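Raw structure-v4.txt, compact mmCIF, C-alpha atoms:
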# COMPACT_ATOMS: atom_id res chain seq x y z
CA MET A 49 -82.94 187.90 139.01
CA LYS A 50 -84.34 190.48 141.42
CA GLY A 51 -86.35 193.41 140.18
CA GLN A 52 -87.15 192.16 136.68
CA GLU A 53 -90.71 193.47 136.81
CA TRP A 54 -89.67 196.80 138.34
CA TYR A 55 -86.98 197.50 135.73
CA GLN A 56 -89.35 196.60 132.91
CA ALA A 57 -91.94 199.21 133.87
CA THR A 58 -92.19 201.91 131.20
CA ASP A 59 -92.17 204.80 133.67
CA VAL A 60 -89.10 203.43 135.46
CA ALA A 61 -87.18 203.18 132.18
CA GLN A 62 -88.17 206.67 131.04
CA GLU A 63 -87.24 208.29 134.35
CA TYR A 64 -84.24 206.12 135.20
CA ASP A 65 -81.42 208.44 134.10
CA ASP A 66 -83.06 211.60 135.45
CA LYS A 67 -83.71 210.08 138.86
CA ARG A 68 -80.34 208.38 139.28
CA PHE A 69 -77.83 210.45 137.35
CA SER A 70 -78.95 214.04 137.66
CA ARG A 71 -78.17 216.34 140.61
CA GLY A 72 -75.46 214.68 142.72
CA GLY A 73 -75.96 211.49 140.73
CA ARG A 74 -73.78 212.99 137.99
CA LEU A 75 -70.79 212.25 140.20
CA ILE A 76 -71.80 208.60 140.36
CA ASP A 77 -72.15 208.41 136.58
CA ARG A 78 -68.73 209.98 136.07
CA ARG A 79 -66.99 207.66 138.54
CA GLU A 80 -68.59 204.52 137.14
CA LYS A 81 -67.56 205.42 133.60
CA GLU A 82 -64.01 206.09 134.78
CA ALA A 83 -63.96 202.68 136.45
CA VAL A 84 -65.01 200.92 133.25
CA LEU A 85 -62.45 202.73 131.09
CA ASP A 86 -59.68 202.24 133.66
CA ALA A 87 -60.37 198.52 133.67
CA ILE A 88 -60.62 197.66 129.99
CA GLY A 89 -58.27 200.33 128.66
CA PRO A 90 -58.36 201.71 125.11
CA VAL A 91 -61.42 200.20 123.45
CA ASP A 92 -61.03 201.29 119.83
CA GLY A 93 -61.65 198.21 117.70
CA LYS A 94 -62.44 195.94 120.63
CA ASN A 95 -65.52 193.71 120.69
CA VAL A 96 -67.28 194.49 123.95
CA LEU A 97 -70.43 193.07 125.52
CA GLU A 98 -72.31 194.95 128.20
CA ILE A 99 -74.55 192.82 130.40
CA ALA A 100 -77.66 194.53 131.80
CA CYS A 101 -76.98 197.60 129.67
CA GLY A 102 -80.17 199.35 130.81
CA THR A 103 -80.45 202.78 129.20
CA GLY A 104 -77.08 202.40 127.49
CA ARG A 105 -74.89 204.67 129.59
CA PHE A 106 -71.79 202.54 129.16
CA THR A 107 -72.71 201.01 125.81
CA VAL A 108 -72.97 204.39 124.14
CA MET A 109 -69.82 205.67 125.84
CA LEU A 110 -67.82 202.69 124.56
CA ALA A 111 -69.22 203.04 121.04
CA GLU A 112 -68.22 206.70 121.00
CA ARG A 113 -64.66 205.55 121.70
CA GLY A 114 -64.60 203.16 118.76
CA ALA A 115 -65.59 199.86 120.34
CA ASN A 116 -67.83 197.34 118.60
CA VAL A 117 -70.46 197.03 121.30
CA VAL A 118 -73.39 194.75 122.04
CA GLY A 119 -75.72 195.77 124.86
CA LEU A 120 -77.95 193.09 126.37
CA ASP A 121 -80.81 193.63 128.80
CA ILE A 122 -83.95 191.81 129.93
CA SER A 123 -86.08 194.95 129.72
CA ALA A 124 -87.53 196.01 126.36
CA GLU A 125 -88.39 199.38 127.90
CA MET A 126 -84.80 200.03 128.98
CA LEU A 127 -83.53 198.98 125.57
CA SER A 128 -85.90 201.44 123.91
CA GLU A 129 -84.35 204.24 125.94
CA ALA A 130 -80.86 202.97 125.09
CA ARG A 131 -81.54 202.95 121.36
CA ALA A 132 -82.88 206.49 121.51
CA LYS A 133 -79.77 207.60 123.40
CA ALA A 134 -77.47 205.95 120.86
CA ARG A 135 -79.25 207.66 117.97
CA ALA A 136 -79.12 211.03 119.72
CA ARG A 137 -75.36 210.65 120.27
CA GLY A 138 -74.72 209.61 116.66
CA VAL A 139 -73.73 205.99 117.32
CA GLY A 140 -77.02 204.28 116.57
CA ASP A 141 -75.43 202.24 113.78
CA ALA A 142 -72.41 201.27 115.89
CA VAL A 143 -74.25 199.53 118.72
CA GLU A 144 -76.38 196.39 118.69
CA PHE A 145 -78.97 196.12 121.46
CA LEU A 146 -80.45 192.73 122.25
CA ARG A 147 -83.09 191.59 124.67
CA GLY A 148 -81.93 188.51 126.49
CA ASP A 149 -81.17 186.61 129.68
CA ALA A 150 -77.69 187.03 131.17
CA GLY A 151 -77.89 183.46 132.42
CA ARG A 152 -78.13 182.10 128.86
CA LEU A 153 -76.07 184.38 126.67
CA PRO A 154 -76.71 183.91 122.93
CA PHE A 155 -73.03 184.13 121.99
CA GLU A 156 -70.14 181.84 121.15
CA ASP A 157 -67.33 181.02 123.57
CA ASP A 158 -64.66 183.77 123.72
CA GLU A 159 -66.67 185.94 121.33
CA PHE A 160 -65.78 189.22 123.04
CA ASP A 161 -62.56 190.90 124.05
CA ALA A 162 -64.22 192.27 127.17
CA VAL A 163 -67.49 191.86 129.05
CA VAL A 164 -68.77 194.62 131.34
CA ALA A 165 -71.51 194.09 133.94
CA MET A 166 -72.25 197.24 135.90
CA ARG A 167 -75.20 197.55 138.30
CA PHE A 168 -75.92 193.86 137.77
CA PHE A 169 -74.58 191.63 140.53
CA HIS A 170 -76.51 193.39 143.28
CA LEU A 171 -79.63 191.89 141.68
CA ALA A 172 -78.21 188.44 140.89
CA ASP A 173 -79.89 185.50 142.60
CA THR A 174 -77.22 183.04 141.39
CA PRO A 175 -74.08 185.17 140.92
CA ALA A 176 -71.73 182.24 140.36
CA ALA A 177 -73.81 180.94 137.44
CA TYR A 178 -73.95 184.39 135.87
CA LEU A 179 -70.22 184.95 136.21
CA ASP A 180 -69.53 181.54 134.68
CA GLU A 181 -71.58 182.53 131.65
CA ILE A 182 -69.86 185.90 131.41
CA ARG A 183 -66.50 184.15 131.58
CA ARG A 184 -67.56 181.77 128.80
CA VAL A 185 -68.12 184.53 126.25
CA SER A 186 -65.10 186.65 127.20
CA GLY A 187 -61.78 185.86 125.62
CA ASP A 188 -59.81 188.30 127.74
CA GLN A 189 -61.32 190.76 130.22
CA VAL A 190 -64.25 190.90 132.64
CA MET A 191 -65.23 194.00 134.60
CA PHE A 192 -68.05 194.28 137.13
CA ASP A 193 -69.06 196.06 140.32
CA THR A 194 -70.59 194.98 143.62
CA PHE A 195 -72.01 196.65 146.70
CA LYS A 196 -70.18 195.89 149.94
CA ARG A 197 -71.86 194.05 152.78
CA TYR A 198 -70.11 195.85 155.62
CA SER A 199 -70.64 199.45 154.57
CA ALA A 200 -73.08 202.36 154.68
CA ARG A 201 -74.90 200.68 151.81
CA SER A 202 -76.51 198.28 154.27
CA VAL A 203 -78.07 201.16 156.23
CA TYR A 204 -80.66 202.03 153.60
CA ASN A 205 -80.76 198.74 151.69
CA TRP A 206 -84.17 197.94 153.17
CA ALA A 207 -85.67 201.05 151.54
CA LEU A 208 -84.85 200.06 147.95
CA PRO A 209 -87.66 198.70 145.72
CA MET A 210 -86.21 195.18 145.64
CA GLY A 211 -83.25 195.40 147.97
CA SER A 212 -79.68 194.62 146.97
CA ARG A 213 -77.37 191.69 147.29
CA LEU A 214 -74.33 192.80 149.29
CA TYR A 215 -70.96 191.06 149.04
CA SER A 216 -67.97 190.57 151.30
CA ARG A 217 -64.46 190.54 149.87
CA SER A 218 -64.14 186.81 150.42
CA GLU A 219 -67.36 186.13 148.49
CA VAL A 220 -66.16 188.03 145.44
CA ASP A 221 -62.73 186.39 145.58
CA SER A 222 -64.46 182.99 145.60
CA LEU A 223 -66.70 183.95 142.68
CA ILE A 224 -63.75 185.10 140.59
CA GLU A 225 -61.69 182.01 141.35
CA GLY A 226 -64.66 179.70 140.78
CA ALA A 227 -65.30 181.20 137.35
CA GLY A 228 -61.73 180.54 136.24
CA LEU A 229 -60.81 184.22 136.27
CA GLU A 230 -57.76 185.94 137.69
CA LEU A 231 -58.16 189.21 139.55
CA VAL A 232 -56.14 191.97 137.88
CA GLU A 233 -57.16 194.94 139.98
CA ASP A 234 -59.83 196.06 142.40
CA SER A 235 -60.79 199.50 143.66
CA HIS A 236 -63.27 200.67 146.28
CA ASP A 237 -65.13 203.95 146.58
CA PHE A 238 -68.05 205.95 147.97
CA LEU A 239 -68.05 205.95 151.73
CA LEU A 240 -71.39 207.73 151.43
CA PRO A 241 -73.84 205.47 149.58
CA TYR A 242 -75.18 206.32 146.14
CA GLY A 243 -78.64 207.16 147.41
CA PHE A 244 -77.29 210.04 149.46
CA TYR A 245 -75.73 211.79 146.46
CA ARG A 246 -78.89 211.52 144.37
CA LYS A 247 -80.88 213.53 146.88
CA ILE A 248 -78.75 216.68 146.89
CA PRO A 249 -77.80 219.35 144.30
CA ASN A 250 -74.67 218.76 142.28
CA GLY A 251 -72.84 221.72 143.81
CA VAL A 252 -73.35 220.46 147.35
CA ALA A 253 -72.59 216.90 146.29
CA SER A 254 -69.26 217.97 144.76
CA GLY A 255 -68.02 219.28 148.10
CA LEU A 256 -69.07 216.14 149.93
CA ARG A 257 -67.54 214.01 147.21
CA SER A 258 -64.18 215.72 147.72
CA LEU A 259 -64.36 214.89 151.43
CA ASP A 260 -65.50 211.35 150.66
CA THR A 261 -62.58 210.87 148.27
CA MET A 262 -60.06 212.26 150.75
CA LEU A 263 -61.26 210.02 153.58
CA GLY A 264 -61.56 207.03 151.29
CA GLY A 265 -57.96 207.47 150.18
CA GLY A 266 -56.70 207.32 153.74
CA PRO A 267 -55.94 204.35 155.98
CA GLY A 268 -58.94 202.05 156.20
CA GLY A 269 -60.76 203.84 153.38
CA ASP A 270 -61.21 200.72 151.28
CA ALA A 271 -62.79 198.91 154.22
CA LEU A 272 -65.39 201.66 154.63
CA ALA A 273 -66.26 202.01 150.94
CA SER A 274 -69.72 200.95 149.79
CA VAL A 275 -68.88 200.08 146.17
CA SER A 276 -66.21 197.82 144.69
CA TYR A 277 -65.01 197.67 141.08
CA TRP A 278 -63.43 194.41 139.93
CA HIS A 279 -61.24 193.85 136.87
CA ALA A 280 -60.42 190.24 136.06
CA SER A 281 -58.79 188.41 133.18
CA VAL A 282 -59.42 185.01 131.67
CA GLU A 283 -56.83 182.52 132.88

Before we go any further, please render this structure as structure tokens.
Amino acid sequence: MKGQEWYQATDVAQEYDDKRFSRGGRLIDRREKEAVLDAIGPVDGKNVLEIACGTGRFTVMLAERGANVVGLDISAEMLSEARAKARARGVGDAVEFLRGDAGRLPFEDDEFDAVVAMRFFHLADTPAAYLDEIRRVSGDQVMFDTFKRYSARSVYNWALPMGSRLYSRSEVDSLIEGAGLELVEDSHDFLLPYGFYRKIPNGVASGLRSLDTMLGGGPGGDALASVSYWHASVE
């Protein structure tokens, strides 16, 4: 898995949310959370696993909506931030955070109603093996995102600390089929890559986001998008 050492640095974990989801990054956070909720629907009472939960953005959100959530991450530093966030939001007792390897999940087959893996597959060195393991522990739904190979994402990919794995549509279709999953729905967004939004104030970013959304909703918009959200079900 790419970037394990980078994500486990204490300063990276402490500054992660501020650097990525403040300023224009708030728009990214909002859209990603919408994508998760749109995919797995009402979560009250559901058993949900989040892979690579990081600082707990989605884990805490799902717990606040009544899900029974387990968040798993390789980084002890990220998990420390996630636990603090859960306590601050009043759901510290409703979420279990575990340190572990997504390639060897410590759970039974079909243990969860849904498994969410956001901001994960761009770092995966063996994506098929990871998706197989995710499929094993999900009894119903799987939701994940990828960055698109033929998009603006590729323009600045070289500047990232560890780079990103970029995917074509055919690659993701093959991964889903190979894991024994059935694609339920896919959506594509952000013609302008994430890194652009993080660099500008929220007010300016909101205007550009409106333009981005309008263009992305037009003919050919999906082909130009830099991010894809995938919702699959267990066959």

*Which of these, A:Asp270, A:Asp260, A:Glu156, A:Asp237, has the shortest distance to Ala83 in chain A once you count all atoms listed in the file?*
A:Asp237

If we count only C-alpha atoms, what is near Ser216 in chain A at a cut-off of 10 Å, once residues fewer than 6 positions away on the same chain are taken out, given as a short mmCIF file (atom, residue, chain, number, x, y, z; two decimals) with C-alpha atoms, in the coordinates of the input?
data_model
loop_
_atom_site.label_atom_id
_atom_site.label_comp_id
_atom_site.auth_asym_id
_atom_site.auth_seq_id
_atom_site.Cartn_x
_atom_site.Cartn_y
_atom_site.Cartn_z
CA THR A 194 -70.59 194.98 143.62
CA PHE A 195 -72.01 196.65 146.70
CA LYS A 196 -70.18 195.89 149.94
CA ARG A 197 -71.86 194.05 152.78
CA TYR A 198 -70.11 195.85 155.62
CA SER A 199 -70.64 199.45 154.57
CA SER A 276 -66.21 197.82 144.69
#

Per residue of range 171-257 of chain A within 8 Å of range 63-80 of chain A, which atom pair is closest and at what distance in Å (one decimal), using only C-alpha atoms, listed by chain and increasing number, as JSON lines?
{"residue": "A:Tyr242", "atom": "CA", "partner": "A:Ile76", "partner_atom": "CA", "distance": 7.1}
{"residue": "A:Tyr245", "atom": "CA", "partner": "A:Gly72", "partner_atom": "CA", "distance": 4.7}
{"residue": "A:Arg246", "atom": "CA", "partner": "A:Gly73", "partner_atom": "CA", "distance": 4.7}
{"residue": "A:Lys247", "atom": "CA", "partner": "A:Gly72", "partner_atom": "CA", "distance": 6.9}
{"residue": "A:Ile248", "atom": "CA", "partner": "A:Gly72", "partner_atom": "CA", "distance": 5.7}
{"residue": "A:Pro249", "atom": "CA", "partner": "A:Arg71", "partner_atom": "CA", "distance": 4.8}
{"residue": "A:Asn250", "atom": "CA", "partner": "A:Gly72", "partner_atom": "CA", "distance": 4.2}
{"residue": "A:Gly251", "atom": "CA", "partner": "A:Gly72", "partner_atom": "CA", "distance": 7.6}
{"residue": "A:Val252", "atom": "CA", "partner": "A:Gly72", "partner_atom": "CA", "distance": 7.7}
{"residue": "A:Ala253", "atom": "CA", "partner": "A:Gly72", "partner_atom": "CA", "distance": 5.1}
{"residue": "A:Ser254", "atom": "CA", "partner": "A:Gly72", "partner_atom": "CA", "distance": 7.3}
{"residue": "A:Arg257", "atom": "CA", "partner": "A:Leu75", "partner_atom": "CA", "distance": 7.9}

_Who sits within 8 Å of Gly269 in chain A, all atoms listed in the file, same chain under 5 positions skipped, as a list in words_ =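 What passes the distance filter is Leu239, Leu263 and Gly264 of chain A.
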
Give the padded box for range 160-179 of chain A as lines of an AutoDock Vina configuration file: axis-aligned, covering all atoms listed in the file, 4 Å on each side, centre and edge lengths in Å to one decimal.
center_x = -71.2
center_y = 189.2
center_z = 133.2
size_x = 25.3
size_y = 24.6
size_z = 28.2
